[in-house]
$ cat model15.txt   # compact mmCIF, C-alpha atoms
# COMPACT_ATOMS: atom_id res chain seq x y z
CA MET E 1 5.25 10.88 9.95
CA LYS E 2 7.74 13.28 8.36
CA SER E 3 7.90 11.15 5.20
CA VAL E 4 4.11 10.90 5.02
CA GLY E 5 3.73 14.64 5.45
CA ARG E 6 6.32 15.30 2.77
CA ALA E 7 4.62 12.94 0.31
CA ALA E 8 1.19 14.38 1.03
CA HIS E 9 2.46 17.93 0.52
CA LYS E 10 4.51 17.27 -2.63
CA ALA E 11 1.74 15.27 -4.34
CA GLY E 12 -1.20 17.31 -3.06
CA MET E 13 -2.80 14.13 -1.75
CA ILE E 14 -5.11 15.51 0.90
CA ARG E 15 -7.58 18.36 0.56
CA PRO E 16 -10.62 19.68 2.47
CA GLY E 17 -13.55 17.30 2.32
CA CYS E 18 -11.50 14.17 1.61
CA ARG E 19 -13.10 10.84 2.40
CA VAL E 20 -10.21 8.37 2.40
CA GLY E 21 -10.60 4.63 2.19
CA VAL E 22 -7.48 2.96 3.61
CA ALA E 23 -6.81 -0.52 2.22
CA VAL E 24 -5.65 -2.50 5.26
CA SER E 25 -4.49 -6.07 4.76
CA GLY E 26 -3.35 -6.56 8.35
CA GLY E 27 0.30 -6.39 7.37
CA VAL E 28 2.77 -3.92 8.84
CA ASP E 29 2.72 -1.42 5.95
CA SER E 30 -1.03 -0.92 5.73
CA LEU E 31 -1.46 -0.69 9.51
CA VAL E 32 1.30 1.92 9.83
CA LEU E 33 -0.31 3.81 6.95
CA LEU E 34 -3.65 3.83 8.77
CA LYS E 35 -2.05 5.03 12.02
CA CYS E 36 -0.16 7.81 10.21
CA LEU E 37 -3.34 9.02 8.51
CA GLN E 38 -5.17 8.87 11.84
CA ILE E 39 -2.52 11.16 13.35
CA ARG E 40 -2.67 13.53 10.38
CA GLN E 41 -6.45 13.58 10.69
CA ALA E 42 -6.02 15.22 14.10
CA VAL E 43 -3.62 17.93 12.90
CA VAL E 44 -4.73 19.00 9.42
CA PRO E 45 -6.74 22.27 9.49
CA PHE E 46 -9.77 20.80 7.73
CA PRO E 47 -12.15 17.83 8.06
CA LEU E 48 -10.67 14.51 6.94
CA GLU E 49 -12.67 11.29 7.05
CA LEU E 50 -11.04 7.85 7.23
CA MET E 51 -12.51 4.42 6.62
CA THR E 52 -10.70 1.09 6.78
CA LEU E 53 -11.31 -1.34 3.90
CA HIS E 54 -10.24 -4.90 4.74
CA LEU E 55 -10.70 -7.78 2.30
CA ASN E 56 -9.85 -11.17 3.78
CA ALA E 57 -8.51 -13.35 0.94
CA GLY E 58 -10.29 -16.44 2.31
CA PHE E 59 -7.36 -18.56 3.53
CA ALA E 60 -7.99 -17.79 7.22
CA PRO E 61 -11.48 -16.28 7.59
CA LEU E 62 -10.99 -15.34 11.27
CA SER E 63 -7.47 -13.90 11.00
CA HIS E 64 -8.69 -10.29 11.04
CA ALA E 65 -10.43 -10.57 14.45
CA PRO E 66 -7.63 -8.64 16.29
CA LEU E 67 -7.87 -5.89 13.66
CA ARG E 68 -11.61 -5.55 14.21
CA THR E 69 -11.06 -5.17 17.96
CA TRP E 70 -8.30 -2.58 17.48
CA LEU E 71 -10.36 -0.51 15.03
CA ALA E 72 -13.31 -0.47 17.42
CA GLY E 73 -11.03 0.77 20.20
CA GLU E 74 -9.64 3.53 17.98
CA GLY E 75 -13.10 4.55 16.78
CA ILE E 76 -12.18 4.05 13.10
CA ALA E 77 -15.00 3.15 10.70
CA ALA E 78 -14.44 -0.06 8.78
CA HIS E 79 -15.78 -2.31 6.07
CA MET E 80 -14.52 -5.86 6.56
CA GLU E 81 -15.47 -8.85 4.44
CA VAL E 82 -14.25 -12.37 3.76
CA THR E 83 -13.74 -13.00 0.05
CA THR E 84 -12.69 -15.96 -2.08
CA HIS E 85 -10.07 -13.93 -3.96
CA GLY E 86 -7.08 -15.92 -2.74
CA LEU E 87 -8.79 -19.27 -3.12
CA GLU E 88 -9.91 -18.45 -6.65
CA ALA E 89 -6.43 -17.21 -7.60
CA HIS E 90 -4.90 -20.51 -6.39
CA SER E 91 -7.61 -22.70 -7.89
CA GLU E 92 -7.15 -25.36 -10.57
CA GLU E 93 -8.90 -23.09 -13.07
CA ASN E 94 -6.18 -20.46 -12.64
CA ARG E 95 -3.18 -22.78 -12.34
CA ASN E 96 -1.64 -21.69 -15.67
CA ARG E 97 -1.74 -18.02 -14.74
CA SER E 98 -0.24 -15.88 -11.99
CA ALA E 99 -2.08 -16.37 -8.70
CA CYS E 100 -0.74 -13.05 -7.39
CA PHE E 101 -1.92 -11.14 -10.46
CA ARG E 102 -5.41 -12.65 -10.28
CA CYS E 103 -5.77 -12.04 -6.55
CA ALA E 104 -4.50 -8.46 -6.82
CA TRP E 105 -6.86 -7.76 -9.75
CA LEU E 106 -9.87 -9.06 -7.84
CA ARG E 107 -8.89 -7.13 -4.73
CA ARG E 108 -8.36 -3.85 -6.62
CA LYS E 109 -11.70 -4.27 -8.41
CA ARG E 110 -13.53 -4.81 -5.12
CA LEU E 111 -11.77 -1.86 -3.46
CA PHE E 112 -12.90 0.40 -6.30
CA GLU E 113 -16.47 -0.88 -5.86
CA LEU E 114 -16.37 -0.14 -2.13
CA CYS E 115 -15.03 3.36 -2.73
CA ALA E 116 -18.03 4.02 -4.97
CA GLN E 117 -20.41 2.41 -2.49
CA TYR E 118 -19.25 4.61 0.39
CA SER E 119 -18.69 7.76 -1.72
CA LEU E 120 -14.98 7.82 -0.91
CA THR E 121 -12.82 10.33 -2.76
CA HIS E 122 -9.44 8.68 -2.13
CA LEU E 123 -8.06 5.15 -1.86
CA ALA E 124 -4.82 4.91 0.16
CA LEU E 125 -2.42 2.00 -0.39
CA GLY E 126 0.53 1.09 1.82
CA HIS E 127 3.37 0.82 -0.70
CA ASN E 128 6.68 2.12 0.68
CA ALA E 129 10.10 3.20 -0.62
CA ASP E 130 11.36 -0.40 -0.74
CA ASP E 131 8.34 -1.32 -2.88
CA LEU E 132 9.19 1.57 -5.19
CA VAL E 133 12.72 0.23 -5.71
CA GLU E 134 11.50 -3.34 -6.30
CA THR E 135 8.79 -2.17 -8.71
CA PHE E 136 11.28 -0.08 -10.68
CA PHE E 137 13.60 -3.05 -11.21
CA LEU E 138 10.71 -5.43 -11.95
CA ASN E 139 9.45 -3.07 -14.64
CA LEU E 140 12.97 -2.67 -16.03
CA CYS E 141 13.95 -6.36 -16.02
CA ARG E 142 10.63 -8.04 -16.79
CA ASN E 143 8.69 -5.49 -18.84
CA GLY E 144 11.41 -3.36 -20.46
CA ARG E 145 9.96 -0.16 -18.94
CA VAL E 146 11.53 2.61 -16.90
CA ASP E 147 8.69 3.19 -14.47
CA GLY E 148 8.00 3.32 -10.74
CA MET E 149 4.79 3.83 -8.77
CA SER E 150 2.50 6.84 -8.78
CA MET E 151 2.21 8.80 -5.55
CA CYS E 152 -1.13 10.28 -6.54
CA GLU E 153 -3.18 8.99 -9.50
CA PRO E 154 -6.74 9.88 -10.58
CA PHE E 155 -9.22 7.21 -11.69
CA PHE E 156 -12.69 7.31 -13.26
CA GLY E 157 -12.35 10.85 -14.55
CA GLY E 158 -11.06 12.14 -11.24
CA LYS E 159 -13.93 10.75 -9.14
CA LEU E 160 -11.42 8.67 -7.17
CA THR E 161 -7.75 9.37 -6.44
CA LEU E 162 -5.35 6.58 -5.55
CA ILE E 163 -2.64 7.74 -3.12
CA ARG E 164 0.48 6.14 -1.63
CA PRO E 165 1.41 8.25 1.43
CA LEU E 166 4.17 5.85 2.56
CA LEU E 167 6.05 5.89 -0.73
CA LEU E 168 8.89 8.01 0.70
CA ALA E 169 9.22 5.91 3.89
CA GLU E 170 11.78 3.10 4.14
CA LYS E 171 10.71 -0.29 5.49
CA LYS E 172 13.02 -0.16 8.51
CA TYR E 173 11.24 2.91 9.84
CA ILE E 174 7.83 1.36 9.17
CA LEU E 175 8.79 -1.74 11.16
CA ALA E 176 10.00 0.40 14.04
CA ALA E 177 6.79 2.44 13.99
CA ALA E 178 4.63 -0.70 14.09
CA ARG E 179 6.50 -1.95 17.15
CA GLY E 180 6.34 1.44 18.85
CA TRP E 181 2.61 1.81 18.24
CA ARG E 182 1.93 -1.86 19.09
CA LEU E 183 -0.22 -2.34 16.03
CA PRO E 184 -2.21 -5.58 15.60
CA VAL E 185 -0.12 -6.96 12.74
CA PHE E 186 -1.00 -10.53 11.70
CA ALA E 187 0.81 -12.96 9.41
CA ASN E 188 -0.09 -13.33 5.76
CA PRO E 189 -1.70 -16.81 5.38
CA CYS E 190 -1.32 -16.85 1.58
CA PRO E 191 0.56 -19.99 0.38
CA SER E 192 2.42 -17.86 -2.18
CA ALA E 193 3.75 -15.42 0.43
CA GLY E 194 7.53 -15.09 0.05
CA ARG E 195 7.52 -16.95 -3.28
CA THR E 196 6.63 -14.19 -5.74
CA ALA E 197 8.48 -12.26 -8.44
CA ARG E 198 8.60 -9.32 -6.03
CA SER E 199 10.17 -11.36 -3.24
CA ASP E 200 12.70 -12.77 -5.72
CA MET E 201 13.62 -9.26 -6.80
CA ALA E 202 13.97 -8.21 -3.15
CA GLU E 203 16.48 -11.06 -2.64
CA ASN E 204 18.43 -10.05 -5.74
CA LEU E 205 18.59 -6.48 -4.53
CA GLN E 206 19.95 -7.67 -1.19
CA CYS E 207 22.85 -9.27 -3.08
CA LEU E 208 23.52 -5.94 -4.80
CA TYR E 209 23.40 -4.09 -1.50
CA LYS E 210 25.90 -6.51 0.07
CA THR E 211 28.46 -6.29 -2.73
CA THR E 212 28.36 -2.54 -3.39
CA PRO E 213 29.03 -0.09 -0.53
CA ASN E 214 26.16 2.36 0.09
CA ALA E 215 24.16 0.78 -2.76
CA ARG E 216 20.91 0.61 -0.80
CA ARG E 217 21.06 4.26 0.24
CA CYS E 218 22.12 5.47 -3.21
CA VAL E 219 19.51 3.46 -5.15
CA THR E 220 16.70 4.38 -2.76
CA ASN E 221 17.58 8.08 -2.64
CA ALA E 222 17.95 8.27 -6.44
CA LEU E 223 14.54 6.71 -7.05
CA LEU E 224 12.88 8.82 -4.36
CA ARG E 225 14.26 12.00 -5.95
CA TRP E 226 13.16 10.76 -9.38
CA GLN E 227 9.70 9.92 -8.06
CA LEU E 228 9.30 13.40 -6.53
CA GLU E 229 10.48 15.10 -9.71
CA LYS E 230 8.16 12.91 -11.79
CA ASN E 231 5.22 13.80 -9.58
CA GLN E 232 5.99 17.53 -9.67
CA THR E 233 6.15 17.55 -13.49
CA SER E 234 3.04 15.39 -13.93
CA PRO E 235 0.15 17.14 -15.73
CA ASP E 236 -2.17 15.69 -13.06
$ encode --input "model15.txt" --output "structure tokens"
Amino acid sequence: MKSVGRAAHKAGMIRPGCRVGVAVSGGVDSLVLLKCLQIRQAVVPFPLELMTLHLNAGFAPLSHAPLRTWLAGEGIAAHMEVTTHGLEAHSEENRNRSACFRCAWLRRKRLFELCAQYSLTHLALGHNADDLVETFFLNLCRNGRVDGMSMCEPFFGGKLTLIRPLLLAEKKYILAAARGWRLPVFANPCPSAGRTARSDMAENLQCLYKTTPNARRCVTNALLRWQLEKNQTSPD
């Protein structure tokens, strides 16, 4: 909660009248994000609306049933739909291209459409500090760019703002929070889960962390400081 509050304050993520769509996959990160925003909703001194956006990729059409039950119990509004995004991304027609890229593109496009449909002002994604580190090294090693992930980014002329409130939170704390809150986390049924460029980079980083004392803490802290400084100097 402290990390989320810090990110929200530094990036100016939340303001009076916000209508936030929270992209919830059913994984630990997005569910912890939703719970954190639900807690902040009760303490911020202005109205803050939340709506869950869940897009089932199509591999297990009933996998989100526990999420639906939990959301109803918490009184959180939700749009839930079963798509063919994952099936299309892994189809024969897409076999020569990245399944993850295609699925993510389709999902992001649909999320933007839903934000417009429900007049949402913000779209919250559950990327965390570990994702920031992995993205930085993926951009560096695969694309030749020194770049991370935006904490707060406007789209469509400012009509929609994409936010990442968990970007300063490390995965170990997110896992602990999910257990403590007993969130309805369910497994990712995607056949490519654990076999992506991101998961490969995560494994490579683990090797670095094991061979260099304090490497994880130093790399994470350096990139978090850089990300905060980048956000504070951004013209947006």
$ closest_residue --input "model15.txt" --among "E:Leu138, E:Met151, E:Cys218, E:Ala193" --to "His9 (chain E)" --atoms "all atoms listed in the file"
E:Met151
$ closest_residue --input "model15.txt" --among "E:Leu67, E:Val43, E:Ala99, E:Leu53" --to "Arg182 (chain E)" --atoms "all atoms listed in the file"
E:Leu67
$ closest_atom_pairs --input "model15.txt" --of "region 150-221 of chain E" --to "region 105-119 of chain E" --cutoff "12 Å" --atoms "all atoms listed in the file" --output "CSV"
residue,atom,partner,partner_atom,distance
E:Phe155,CA,E:Phe112,CA,9.4
E:Phe156,CA,E:Phe112,CA,9.8
E:Lys159,CA,E:Ala116,CA,8.9
E:Leu160,CA,E:Cys115,CA,7.8
E:Thr161,CA,E:Cys115,CA,10.1
E:Leu162,CA,E:Phe112,CA,9.8
$ closest_residue --input "model15.txt" --among "E:Thr121, E:Thr212, E:Gln206, E:Ser25" --to "Ala104 (chain E)" --atoms "all atoms listed in the file"
E:Ser25
$ closest_residue --input "model15.txt" --among "E:Arg145, E:Arg217, E:His54, E:Arg95" --to "Leu71 (chain E)" --atoms "only C-alpha atoms"
E:His54
$ atom_distance --input "model15.txt" --atom1 "CA of Arg97 (chain E)" --atom2 "CA of Asn139 (chain E)"
18.7 Å
$ atom_distance --input "model15.txt" --atom1 "CA of Pro45 (chain E)" --atom2 "CA of Gly5 (chain E)"
13.6 Å
$ atom_distance --input "model15.txt" --atom1 "CA of Pro61 (chain E)" --atom2 "CA of Asn188 (chain E)"
11.9 Å
$ closest_residue --input "model15.txt" --among "E:Leu37, E:Cys141, E:Leu62, E:Ala78" --to "Ala8 (chain E)" --atoms "all atoms listed in the file"
E:Leu37
$ closest_residue --input "model15.txt" --among "E:Met1, E:Pro165, E:Ser150, E:Leu183" --to "Ile39 (chain E)" --atoms "only C-alpha atoms"
E:Met1
$ residues_near_point --input "model15.txt" --point "(7.7, 6.7, 1.1)" --cutoff "6 Å" --atoms "only C-alpha atoms" --output "ChimeraX atom specification"
/E:128-129,166-169
$ residues_around --input "model15.txt" --residues "Trp226 (chain E)" --least-positions-apart "6" --cutoff "12 Å" --atoms "only C-alpha atoms" --output "tab-separated table (two decimals) with C-alpha atoms, in the coordinates of the input"
chain	number	residue	atom	x	y	z
E	129	ALA	CA	10.10	3.20	-0.62
E	132	LEU	CA	9.19	1.57	-5.19
E	133	VAL	CA	12.72	0.23	-5.71
E	136	PHE	CA	11.28	-0.08	-10.68
E	146	VAL	CA	11.53	2.61	-16.90
E	147	ASP	CA	8.69	3.19	-14.47
E	148	GLY	CA	8.00	3.32	-10.74
E	149	MET	CA	4.79	3.83	-8.77
E	150	SER	CA	2.50	6.84	-8.78
E	151	MET	CA	2.21	8.80	-5.55
E	168	LEU	CA	8.89	8.01	0.70
E	219	VAL	CA	19.51	3.46	-5.15
E	220	THR	CA	16.70	4.38	-2.76
E	232	GLN	CA	5.99	17.53	-9.67
E	233	THR	CA	6.15	17.55	-13.49
$ axis_aligned_box --input "model15.txt" --around "region 27-40 of chain E" --padding-each-side "4 Å" --output "lines of an AutoDock Vina configuration file"
center_x = -1.2
center_y = 3.6
center_z = 9.5
size_x = 15.9
size_y = 27.9
size_z = 15.6
$ decode --input "model15.txt" --residues "region 73-122 of chain E" --atoms "N, CA and C atoms" --output "PDB file, in the first residue's frame"
ATOM      1  N   GLY E  73     -19.025 -10.413  -4.110  1.00  0.00           N
ATOM      2  CA  GLY E  73     -18.965 -10.280  -2.662  1.00  0.00           C
ATOM      3  C   GLY E  73     -18.368  -8.966  -2.209  1.00  0.00           C
ATOM      4  N   GLU E  74     -17.443  -8.428  -2.999  1.00  0.00           N
ATOM      5  CA  GLU E  74     -16.800  -7.154  -2.670  1.00  0.00           C
ATOM      6  C   GLU E  74     -17.595  -5.960  -3.174  1.00  0.00           C
ATOM      7  N   GLY E  75     -18.616  -6.209  -3.985  1.00  0.00           N
ATOM      8  CA  GLY E  75     -19.415  -5.119  -4.527  1.00  0.00           C
ATOM      9  C   GLY E  75     -18.685  -4.300  -5.576  1.00  0.00           C
ATOM     10  N   ILE E  76     -17.777  -4.930  -6.328  1.00  0.00           N
ATOM     11  CA  ILE E  76     -16.994  -4.229  -7.347  1.00  0.00           C
ATOM     12  C   ILE E  76     -17.611  -4.484  -8.726  1.00  0.00           C
ATOM     13  N   ALA E  77     -17.912  -3.412  -9.439  1.00  0.00           N
ATOM     14  CA  ALA E  77     -18.487  -3.538 -10.780  1.00  0.00           C
ATOM     15  C   ALA E  77     -17.488  -4.233 -11.711  1.00  0.00           C
ATOM     16  N   ALA E  78     -18.009  -4.970 -12.667  1.00  0.00           N
ATOM     17  CA  ALA E  78     -17.108  -5.721 -13.546  1.00  0.00           C
ATOM     18  C   ALA E  78     -17.695  -5.924 -14.934  1.00  0.00           C
ATOM     19  N   HIS E  79     -16.795  -5.921 -15.913  1.00  0.00           N
ATOM     20  CA  HIS E  79     -17.118  -6.375 -17.263  1.00  0.00           C
ATOM     21  C   HIS E  79     -16.247  -7.595 -17.493  1.00  0.00           C
ATOM     22  N   MET E  80     -16.879  -8.738 -17.759  1.00  0.00           N
ATOM     23  CA  MET E  80     -16.141  -9.979 -17.961  1.00  0.00           C
ATOM     24  C   MET E  80     -16.616 -10.599 -19.272  1.00  0.00           C
ATOM     25  N   GLU E  81     -15.666 -10.970 -20.111  1.00  0.00           N
ATOM     26  CA  GLU E  81     -16.047 -11.607 -21.373  1.00  0.00           C
ATOM     27  C   GLU E  81     -15.017 -12.644 -21.774  1.00  0.00           C
ATOM     28  N   VAL E  82     -15.481 -13.653 -22.481  1.00  0.00           N
ATOM     29  CA  VAL E  82     -14.599 -14.696 -23.020  1.00  0.00           C
ATOM     30  C   VAL E  82     -14.265 -14.317 -24.454  1.00  0.00           C
ATOM     31  N   THR E  83     -12.986 -14.219 -24.750  1.00  0.00           N
ATOM     32  CA  THR E  83     -12.527 -13.837 -26.087  1.00  0.00           C
ATOM     33  C   THR E  83     -11.853 -15.023 -26.770  1.00  0.00           C
ATOM     34  N   THR E  84     -11.413 -14.795 -27.985  1.00  0.00           N
ATOM     35  CA  THR E  84     -10.622 -15.797 -28.712  1.00  0.00           C
ATOM     36  C   THR E  84      -9.189 -15.287 -28.913  1.00  0.00           C
ATOM     37  N   HIS E  85      -8.790 -14.306 -28.106  1.00  0.00           N
ATOM     38  CA  HIS E  85      -7.475 -13.684 -28.289  1.00  0.00           C
ATOM     39  C   HIS E  85      -6.333 -14.703 -28.223  1.00  0.00           C
ATOM     40  N   GLY E  86      -6.351 -15.533 -27.194  1.00  0.00           N
ATOM     41  CA  GLY E  86      -5.276 -16.511 -27.039  1.00  0.00           C
ATOM     42  C   GLY E  86      -5.294 -17.562 -28.121  1.00  0.00           C
ATOM     43  N   LEU E  87      -6.479 -18.013 -28.470  1.00  0.00           N
ATOM     44  CA  LEU E  87      -6.613 -19.039 -29.514  1.00  0.00           C
ATOM     45  C   LEU E  87      -6.151 -18.500 -30.859  1.00  0.00           C
ATOM     46  N   GLU E  88      -6.525 -17.267 -31.157  1.00  0.00           N
ATOM     47  CA  GLU E  88      -6.107 -16.656 -32.417  1.00  0.00           C
ATOM     48  C   GLU E  88      -4.591 -16.464 -32.462  1.00  0.00           C
ATOM     49  N   ALA E  89      -4.022 -16.037 -31.315  1.00  0.00           N
ATOM     50  CA  ALA E  89      -2.575 -15.793 -31.262  1.00  0.00           C
ATOM     51  C   ALA E  89      -1.780 -17.078 -31.451  1.00  0.00           C
ATOM     52  N   HIS E  90      -2.354 -18.220 -31.049  1.00  0.00           N
ATOM     53  CA  HIS E  90      -1.671 -19.509 -31.174  1.00  0.00           C
ATOM     54  C   HIS E  90      -2.174 -20.319 -32.366  1.00  0.00           C
ATOM     55  N   SER E  91      -2.887 -19.663 -33.267  1.00  0.00           N
ATOM     56  CA  SER E  91      -3.439 -20.366 -34.420  1.00  0.00           C
ATOM     57  C   SER E  91      -2.382 -20.598 -35.500  1.00  0.00           C
ATOM     58  N   GLU E  92      -2.728 -21.434 -36.473  1.00  0.00           N
ATOM     59  CA  GLU E  92      -1.833 -21.729 -37.584  1.00  0.00           C
ATOM     60  C   GLU E  92      -1.544 -20.460 -38.399  1.00  0.00           C
ATOM     61  N   GLU E  93      -2.541 -19.585 -38.501  1.00  0.00           N
ATOM     62  CA  GLU E  93      -2.365 -18.351 -39.265  1.00  0.00           C
ATOM     63  C   GLU E  93      -1.316 -17.424 -38.648  1.00  0.00           C
ATOM     64  N   ASN E  94      -1.078 -17.566 -37.355  1.00  0.00           N
ATOM     65  CA  ASN E  94      -0.138 -16.675 -36.674  1.00  0.00           C
ATOM     66  C   ASN E  94       1.144 -17.395 -36.255  1.00  0.00           C
ATOM     67  N   ARG E  95       1.377 -18.585 -36.790  1.00  0.00           N
ATOM     68  CA  ARG E  95       2.473 -19.415 -36.298  1.00  0.00           C
ATOM     69  C   ARG E  95       3.858 -18.828 -36.570  1.00  0.00           C
ATOM     70  N   ASN E  96       3.987 -17.953 -37.571  1.00  0.00           N
ATOM     71  CA  ASN E  96       5.291 -17.362 -37.884  1.00  0.00           C
ATOM     72  C   ASN E  96       5.549 -16.054 -37.146  1.00  0.00           C
ATOM     73  N   ARG E  97       4.597 -15.670 -36.308  1.00  0.00           N
ATOM     74  CA  ARG E  97       4.746 -14.439 -35.534  1.00  0.00           C
ATOM     75  C   ARG E  97       4.601 -14.734 -34.048  1.00  0.00           C
ATOM     76  N   SER E  98       4.925 -13.746 -33.225  1.00  0.00           N
ATOM     77  CA  SER E  98       4.880 -13.929 -31.781  1.00  0.00           C
ATOM     78  C   SER E  98       3.438 -14.057 -31.290  1.00  0.00           C
ATOM     79  N   ALA E  99       3.144 -15.182 -30.643  1.00  0.00           N
ATOM     80  CA  ALA E  99       1.810 -15.375 -30.073  1.00  0.00           C
ATOM     81  C   ALA E  99       1.554 -14.372 -28.947  1.00  0.00           C
ATOM     82  N   CYS E 100       2.564 -14.116 -28.134  1.00  0.00           N
ATOM     83  CA  CYS E 100       2.403 -13.189 -27.009  1.00  0.00           C
ATOM     84  C   CYS E 100       2.129 -11.767 -27.504  1.00  0.00           C
ATOM     85  N   PHE E 101       2.854 -11.350 -28.540  1.00  0.00           N
ATOM     86  CA  PHE E 101       2.640 -10.006 -29.079  1.00  0.00           C
ATOM     87  C   PHE E 101       1.226  -9.867 -29.624  1.00  0.00           C
ATOM     88  N   ARG E 102       0.771 -10.865 -30.383  1.00  0.00           N
ATOM     89  CA  ARG E 102      -0.565 -10.803 -30.976  1.00  0.00           C
ATOM     90  C   ARG E 102      -1.650 -10.788 -29.903  1.00  0.00           C
ATOM     91  N   CYS E 103      -1.525 -11.644 -28.916  1.00  0.00           N
ATOM     92  CA  CYS E 103      -2.511 -11.718 -27.844  1.00  0.00           C
ATOM     93  C   CYS E 103      -2.547 -10.415 -27.051  1.00  0.00           C
ATOM     94  N   ALA E 104      -1.368  -9.882 -26.725  1.00  0.00           N
ATOM     95  CA  ALA E 104      -1.299  -8.635 -25.961  1.00  0.00           C
ATOM     96  C   ALA E 104      -1.891  -7.479 -26.761  1.00  0.00           C
ATOM     97  N   TRP E 105      -1.630  -7.456 -28.077  1.00  0.00           N
ATOM     98  CA  TRP E 105      -2.170  -6.379 -28.925  1.00  0.00           C
ATOM     99  C   TRP E 105      -3.691  -6.431 -28.957  1.00  0.00           C
ATOM    100  N   LEU E 106      -4.239  -7.626 -29.126  1.00  0.00           N
ATOM    101  CA  LEU E 106      -5.692  -7.784 -29.150  1.00  0.00           C
ATOM    102  C   LEU E 106      -6.314  -7.404 -27.809  1.00  0.00           C
ATOM    103  N   ARG E 107      -5.661  -7.820 -26.735  1.00  0.00           N
ATOM    104  CA  ARG E 107      -6.179  -7.510 -25.399  1.00  0.00           C
ATOM    105  C   ARG E 107      -6.154  -6.011 -25.133  1.00  0.00           C
ATOM    106  N   ARG E 108      -5.034  -5.350 -25.467  1.00  0.00           N
ATOM    107  CA  ARG E 108      -4.927  -3.904 -25.243  1.00  0.00           C
ATOM    108  C   ARG E 108      -5.976  -3.152 -26.079  1.00  0.00           C
ATOM    109  N   LYS E 109      -6.161  -3.565 -27.311  1.00  0.00           N
ATOM    110  CA  LYS E 109      -7.162  -2.929 -28.180  1.00  0.00           C
ATOM    111  C   LYS E 109      -8.562  -3.045 -27.569  1.00  0.00           C
ATOM    112  N   ARG E 110      -8.912  -4.229 -27.089  1.00  0.00           N
ATOM    113  CA  ARG E 110     -10.231  -4.432 -26.492  1.00  0.00           C
ATOM    114  C   ARG E 110     -10.382  -3.652 -25.185  1.00  0.00           C
ATOM    115  N   LEU E 111      -9.338  -3.575 -24.395  1.00  0.00           N
ATOM    116  CA  LEU E 111      -9.396  -2.795 -23.151  1.00  0.00           C
ATOM    117  C   LEU E 111      -9.647  -1.323 -23.446  1.00  0.00           C
ATOM    118  N   PHE E 112      -8.989  -0.796 -24.471  1.00  0.00           N
ATOM    119  CA  PHE E 112      -9.225   0.595 -24.863  1.00  0.00           C
ATOM    120  C   PHE E 112     -10.680   0.791 -25.300  1.00  0.00           C
ATOM    121  N   GLU E 113     -11.216  -0.179 -26.038  1.00  0.00           N
ATOM    122  CA  GLU E 113     -12.614  -0.081 -26.474  1.00  0.00           C
ATOM    123  C   GLU E 113     -13.558  -0.073 -25.281  1.00  0.00           C
ATOM    124  N   LEU E 114     -13.284  -0.905 -24.294  1.00  0.00           N
ATOM    125  CA  LEU E 114     -14.141  -0.966 -23.108  1.00  0.00           C
ATOM    126  C   LEU E 114     -14.056   0.313 -22.286  1.00  0.00           C
ATOM    127  N   CYS E 115     -12.873   0.899 -22.216  1.00  0.00           N
ATOM    128  CA  CYS E 115     -12.726   2.170 -21.498  1.00  0.00           C
ATOM    129  C   CYS E 115     -13.592   3.246 -22.141  1.00  0.00           C
ATOM    130  N   ALA E 116     -13.626   3.258 -23.477  1.00  0.00           N
ATOM    131  CA  ALA E 116     -14.475   4.223 -24.176  1.00  0.00           C
ATOM    132  C   ALA E 116     -15.949   3.895 -23.959  1.00  0.00           C
ATOM    133  N   GLN E 117     -16.278   2.616 -23.996  1.00  0.00           N
ATOM    134  CA  GLN E 117     -17.670   2.196 -23.838  1.00  0.00           C
ATOM    135  C   GLN E 117     -18.238   2.598 -22.479  1.00  0.00           C
ATOM    136  N   TYR E 118     -17.431   2.472 -21.425  1.00  0.00           N
ATOM    137  CA  TYR E 118     -17.898   2.771 -20.073  1.00  0.00           C
ATOM    138  C   TYR E 118     -17.475   4.157 -19.587  1.00  0.00           C
ATOM    139  N   SER E 119     -16.955   4.981 -20.474  1.00  0.00           N
ATOM    140  CA  SER E 119     -16.532   6.351 -20.141  1.00  0.00           C
ATOM    141  C   SER E 119     -15.533   6.363 -18.989  1.00  0.00           C
ATOM    142  N   LEU E 120     -14.570   5.462 -19.041  1.00  0.00           N
ATOM    143  CA  LEU E 120     -13.528   5.394 -18.020  1.00  0.00           C
ATOM    144  C   LEU E 120     -12.426   6.394 -18.350  1.00  0.00           C
ATOM    145  N   THR E 121     -11.875   7.015 -17.328  1.00  0.00           N
ATOM    146  CA  THR E 121     -10.818   8.007 -17.526  1.00  0.00           C
ATOM    147  C   THR E 121      -9.421   7.417 -17.402  1.00  0.00           C
ATOM    148  N   HIS E 122      -9.318   6.271 -16.692  1.00  0.00           N
ATOM    149  CA  HIS E 122      -8.018   5.655 -16.445  1.00  0.00           C
ATOM    150  C   HIS E 122      -8.099   4.144 -16.680  1.00  0.00           C
TER     151      HIS E 122
END
